Each structure stands twice: as C-alpha cells, then as structure tokens.
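First comes the structure, then the notes that go with it.
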Amino acid sequence: MSVEFLKKVRSSVVLTSLLAGALTVSACQQQAEPESGMEEGANTEESVPMSAEPAEPSDVVVDTEDASLNEVEGDTTASVNSGVMQMSYLCTPELKVEATYKEDANQVVVATDMGTVTLNQTNEGSNPEVFEVATAIDGGQGFTQWRVGHEARKTGVMRTAGADESNVNTFECNEAS
C-alpha cells in the first residue's frame with residue numbers, strides 16, 4: 001500500500017464521518033410538521049413529532065405533615081369497621097374479655113388471656129343473644145358459650161369447659177367503663 005492511497009482513504013473516512021455527524025444532528029432537531037389538508041382524507045393517521053423533552057413535569061408532592069393518632073384512628077374505624085362493634089368487659093371471677101361483634105356474620109370474637117375463639121350466634125333473639133362454639137376458650141376440646149343481655153350488650157355471661165364438660169367455668173361480665 002502506498003502513502004497516497006492511505007491519504008485518500010483517510011480523507012474519505014473523515015468526509016464520511018462529518019456527513020454522518022451532520023445527519024445525526026439534523027435528525028435530533030425539532031422540525032415543524034407540514035399541515036395536512038382536507039384532500040388527504042379523513043382516514044389518514046396524523047403523525048406526532050417525537051421530542052426528547054418530557055410531556056409533563058414529574059414532580060412528586062409529599063405531605064410531610066404527620067397526622068395525629070386520633071385522625072388516623074377515626075379514619076380507620078370509619079372505613080374498616082362497618083358492621084363491627086368492639087366492647088370490653090370485666091368479669092367475676094377476675095377475667096378481662098374483649099368482644100368483637102360481627103353483625104353481618106352473626107358472630108362474636110371473644111379474646112381473653114386464656115385464648116381467643118370465634119363464636120356463632122345460635123338464636124334469633126336479641127335479649128339475650130347466645131353465641132356458641134364447640135371448642136374451649138384455649139382452642140382445645142370442650143365448648144364456649146357467650147350470652148349477652150340487653151339491647152346495648154352491657155352485660156354478659158361466659159361459660160366454658162375443657163375436655164371434662166362437667167367442670168364448667170362461669171364468668172359474669174359487665175361492660176368496662
């Protein structure tokens with residue numbers, strides 16, 4: 001290969017590179033689209049020029065003001081607990097009962113320090129309402145019964161027994177104030 005041939009190739013490569021660079025730059029420039037006339041017809045698809053700029057700003061607004069516990073608790077109660085009523089009872093002999101009444105399902109979930117159990121309503125009446133399940137309060141063999149008196153469920157009686165159903169524990173309960 002001669003030096004003259006290499007000079008010609010080098011000048012061709014430089015000229016080709018400049019031409020390719022000019023085409024690339026002109027392709028990135030925004031150009032106005034020609035207006036389409038009525039003679040093109042209604043079925044023609046309108047082309048929209050592409051842009052490297054975002055169509056809308058992507059600013060994210062974050063509310064850093066912390067809501068108080070009462071505001072959050074109020075919202076949660078209103079949206080989640082429809083058809084649910086929660087009450088606390090203090091019983092004799094000493095026992096604390098948290099009862100969650102599920103009106104739509106005719107159930108009550110009774111939670112104590114001995115265990116938690118879901119009972120189904122077994123009668124149509126409202127005074128007393130009777131809820132029962134065929135397991136002990138600790139989830140073992142036996143039964144649990146919850147009877148709630150009065151329309152406002154202010155008092156209740158819980159009866160529960162383990163495997164020896166002749167040994168029944170009875171608790172008289174009043175709403176905790």
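Residue numbering restarts at 1 for every chain of the structure tokens, chains are lettered A, B, ... in their displayed order, and ligands are numbered from 1 as they appear.
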
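Near Ser177 in chain A, within 10 Å and counting only C-alpha atoms, sit Met87, Ser88, Tyr89, Leu90 and Asn174 of chain A; same-chain residues fewer than 3 positions away were not included.
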
Could you turn the residues from that selection into a file that holds all heavy atoms, as a PDB file, in the first residue's frame?
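selection21.pdb was written with the following content:
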ATOM      1  N   MET A  87     -66.280  -4.219  72.212  1.00  0.00           N
ATOM      2  CA  MET A  87     -66.590  -3.873  73.599  1.00  0.00           C
ATOM      3  C   MET A  87     -65.639  -4.608  74.526  1.00  0.00           C
ATOM      4  O   MET A  87     -65.188  -5.709  74.219  1.00  0.00           O
ATOM      5  CB  MET A  87     -68.042  -4.244  73.930  1.00  0.00           C
ATOM      6  CG  MET A  87     -69.052  -3.449  73.132  1.00  0.00           C
ATOM      7  SD  MET A  87     -70.748  -3.804  73.595  1.00  0.00           S
ATOM      8  CE  MET A  87     -70.852  -2.966  75.167  1.00  0.00           C
ATOM      9  N   SER A  88     -65.369  -3.986  75.684  1.00  0.00           N
ATOM     10  CA  SER A  88     -64.531  -4.599  76.711  1.00  0.00           C
ATOM     11  C   SER A  88     -65.392  -4.894  77.931  1.00  0.00           C
ATOM     12  O   SER A  88     -66.260  -4.097  78.295  1.00  0.00           O
ATOM     13  CB  SER A  88     -63.402  -3.651  77.116  1.00  0.00           C
ATOM     14  OG  SER A  88     -62.551  -3.418  76.023  1.00  0.00           O
ATOM     15  N   TYR A  89     -65.131  -6.024  78.554  1.00  0.00           N
ATOM     16  CA  TYR A  89     -65.882  -6.452  79.735  1.00  0.00           C
ATOM     17  C   TYR A  89     -64.904  -6.837  80.834  1.00  0.00           C
ATOM     18  O   TYR A  89     -63.828  -7.379  80.570  1.00  0.00           O
ATOM     19  CB  TYR A  89     -66.752  -7.675  79.417  1.00  0.00           C
ATOM     20  CG  TYR A  89     -67.817  -7.432  78.374  1.00  0.00           C
ATOM     21  CD1 TYR A  89     -67.551  -7.648  77.027  1.00  0.00           C
ATOM     22  CD2 TYR A  89     -69.089  -7.003  78.732  1.00  0.00           C
ATOM     23  CE1 TYR A  89     -68.526  -7.438  76.065  1.00  0.00           C
ATOM     24  CE2 TYR A  89     -70.073  -6.790  77.786  1.00  0.00           C
ATOM     25  CZ  TYR A  89     -69.785  -7.013  76.443  1.00  0.00           C
ATOM     26  OH  TYR A  89     -70.754  -6.798  75.497  1.00  0.00           O
ATOM     27  N   LEU A  90     -65.310  -6.576  82.087  1.00  0.00           N
ATOM     28  CA  LEU A  90     -64.607  -7.071  83.257  1.00  0.00           C
ATOM     29  C   LEU A  90     -65.520  -8.091  83.912  1.00  0.00           C
ATOM     30  O   LEU A  90     -66.702  -7.820  84.138  1.00  0.00           O
ATOM     31  CB  LEU A  90     -64.273  -5.935  84.221  1.00  0.00           C
ATOM     32  CG  LEU A  90     -63.272  -4.902  83.693  1.00  0.00           C
ATOM     33  CD1 LEU A  90     -63.080  -3.787  84.700  1.00  0.00           C
ATOM     34  CD2 LEU A  90     -61.934  -5.560  83.374  1.00  0.00           C
ATOM     35  N   ASN A 174     -69.522  -7.444  83.052  1.00  0.00           N
ATOM     36  CA  ASN A 174     -70.139  -6.136  82.871  1.00  0.00           C
ATOM     37  C   ASN A 174     -69.220  -5.305  81.991  1.00  0.00           C
ATOM     38  O   ASN A 174     -67.988  -5.445  82.048  1.00  0.00           O
ATOM     39  CB  ASN A 174     -70.324  -5.423  84.210  1.00  0.00           C
ATOM     40  CG  ASN A 174     -71.357  -6.097  85.071  1.00  0.00           C
ATOM     41  OD1 ASN A 174     -72.464  -6.372  84.603  1.00  0.00           O
ATOM     42  ND2 ASN A 174     -71.008  -6.377  86.318  1.00  0.00           N
TER      43      ASN A 174
END

Given the choices A:Ala111, A:Val14, A:Leu95, A:Met85, which gets closest to Ala152 in chain A if the distance is worked out from only C-alpha atoms?
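Going through A:Ala111, A:Val14, A:Leu95, A:Met85 one by one, the smallest distance to Ala152 in chain A is for A:Met85.
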
Excluding Glu165 in chain A and residues on its chain fewer than 4 positions from it, collect all residues at most 8 Å away from it, counting only C-alpha atoms, and give them as an NGL selection string.
:A and (142-143 or 161)

Could you pull the residues within 8 Å of Trp146 in chain A, counting only C-alpha atoms, minus those fewer than 2 positions along the same chain, as a ChimeraX atom specification?
/A:119,130-132,144,148,156-159

Suppose you want the space between CA of Asp138 in chain A and CA of Gly125 in chain A; what is it in Å?
27.4 Å

Excluding Pro128 in chain A and residues on its chain fewer than 5 positions from it, collect all residues at most 9 Å away from it, counting only C-alpha atoms, and give them as a compact mmCIF listing (two decimals) with N, CA, C and O atoms, in the first residue's frame.
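What landed in selection_25.txt:
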# COMPACT_ATOMS: atom_id res chain seq x y z
N ASN A 123 -79.24 -18.19 68.22
CA ASN A 123 -80.66 -17.87 68.36
C ASN A 123 -80.99 -16.63 67.55
O ASN A 123 -80.11 -15.90 67.11
N ARG A 147 -73.30 -15.36 76.35
CA ARG A 147 -74.67 -14.83 76.36
C ARG A 147 -74.59 -13.36 76.71
O ARG A 147 -74.00 -13.00 77.73
N VAL A 148 -75.19 -12.53 75.86
CA VAL A 148 -75.15 -11.08 76.08
C VAL A 148 -76.57 -10.60 76.30
O VAL A 148 -77.47 -10.85 75.48
N GLY A 149 -76.77 -9.89 77.43
CA GLY A 149 -78.08 -9.37 77.75
C GLY A 149 -78.20 -7.90 77.39
O GLY A 149 -77.20 -7.21 77.20
N HIS A 150 -79.43 -7.44 77.28
CA HIS A 150 -79.78 -6.06 77.00
C HIS A 150 -79.49 -5.70 75.54
O HIS A 150 -78.65 -6.30 74.89
N GLU A 151 -80.20 -4.70 75.08
CA GLU A 151 -80.02 -4.25 73.70
C GLU A 151 -78.61 -3.68 73.48
O GLU A 151 -78.03 -3.84 72.42
N ARG A 153 -75.85 -4.52 74.96
CA ARG A 153 -74.81 -5.51 75.29
C ARG A 153 -73.95 -5.07 76.47
O ARG A 153 -72.73 -5.22 76.46
N GLY A 156 -72.89 -9.64 80.20
CA GLY A 156 -72.78 -10.92 79.52
C GLY A 156 -72.38 -12.02 80.49
O GLY A 156 -71.92 -11.76 81.59

Just the strand (DSSP E or B) stuff from range 96-147 of chain A, please, per backbone DSSP, written as a ChimeraX atom specification.
/A:96-102,107-112,115-121,129-133,143-147

Next, write the just-selected residues to a file, as a PDB file, in the first residue's frame, keeping C-alpha atoms as the atom set.
ATOM      1  CA  LYS A  96     -60.962  -9.384  81.065  1.00  0.00           C
ATOM      2  CA  VAL A  97     -62.917 -10.053  77.855  1.00  0.00           C
ATOM      3  CA  GLU A  98     -62.562  -8.185  74.553  1.00  0.00           C
ATOM      4  CA  ALA A  99     -65.593  -8.925  72.370  1.00  0.00           C
ATOM      5  CA  THR A 100     -65.739  -8.001  68.683  1.00  0.00           C
ATOM      6  CA  TYR A 101     -69.269  -8.369  67.320  1.00  0.00           C
ATOM      7  CA  LYS A 102     -69.517  -9.017  63.563  1.00  0.00           C
ATOM      8  CA  GLN A 107     -70.512 -13.864  65.078  1.00  0.00           C
ATOM      9  CA  VAL A 108     -68.510 -12.613  68.032  1.00  0.00           C
ATOM     10  CA  VAL A 109     -64.760 -12.986  68.542  1.00  0.00           C
ATOM     11  CA  VAL A 110     -64.016 -13.322  72.265  1.00  0.00           C
ATOM     12  CA  ALA A 111     -60.429 -12.656  73.328  1.00  0.00           C
ATOM     13  CA  THR A 112     -59.165 -13.344  76.866  1.00  0.00           C
ATOM     14  CA  GLY A 115     -57.235 -17.636  74.417  1.00  0.00           C
ATOM     15  CA  THR A 116     -59.312 -16.311  71.532  1.00  0.00           C
ATOM     16  CA  VAL A 117     -62.281 -18.019  69.929  1.00  0.00           C
ATOM     17  CA  THR A 118     -64.922 -17.137  67.300  1.00  0.00           C
ATOM     18  CA  LEU A 119     -68.491 -17.993  68.291  1.00  0.00           C
ATOM     19  CA  ASN A 120     -71.592 -18.182  66.065  1.00  0.00           C
ATOM     20  CA  GLN A 121     -74.994 -16.855  67.108  1.00  0.00           C
ATOM     21  CA  GLU A 129     -78.031 -13.064  72.252  1.00  0.00           C
ATOM     22  CA  VAL A 130     -76.488 -16.532  72.500  1.00  0.00           C
ATOM     23  CA  PHE A 131     -73.171 -17.360  70.793  1.00  0.00           C
ATOM     24  CA  GLU A 132     -71.593 -20.828  70.941  1.00  0.00           C
ATOM     25  CA  VAL A 133     -68.691 -22.863  69.588  1.00  0.00           C
ATOM     26  CA  PHE A 143     -67.187 -25.737  74.490  1.00  0.00           C
ATOM     27  CA  THR A 144     -67.540 -21.973  74.924  1.00  0.00           C
ATOM     28  CA  GLN A 145     -70.802 -20.082  75.243  1.00  0.00           C
ATOM     29  CA  TRP A 146     -71.284 -16.286  75.386  1.00  0.00           C
ATOM     30  CA  ARG A 147     -74.671 -14.829  76.358  1.00  0.00           C
TER      31      ARG A 147
END

What is the CA of Ala134 in chain A-CA of Val168 in chain A distance in Å, reported with one decimal?
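So the two atoms, CA of Ala134 in chain A and CA of Val168 in chain A, lie 13.5 Å apart.
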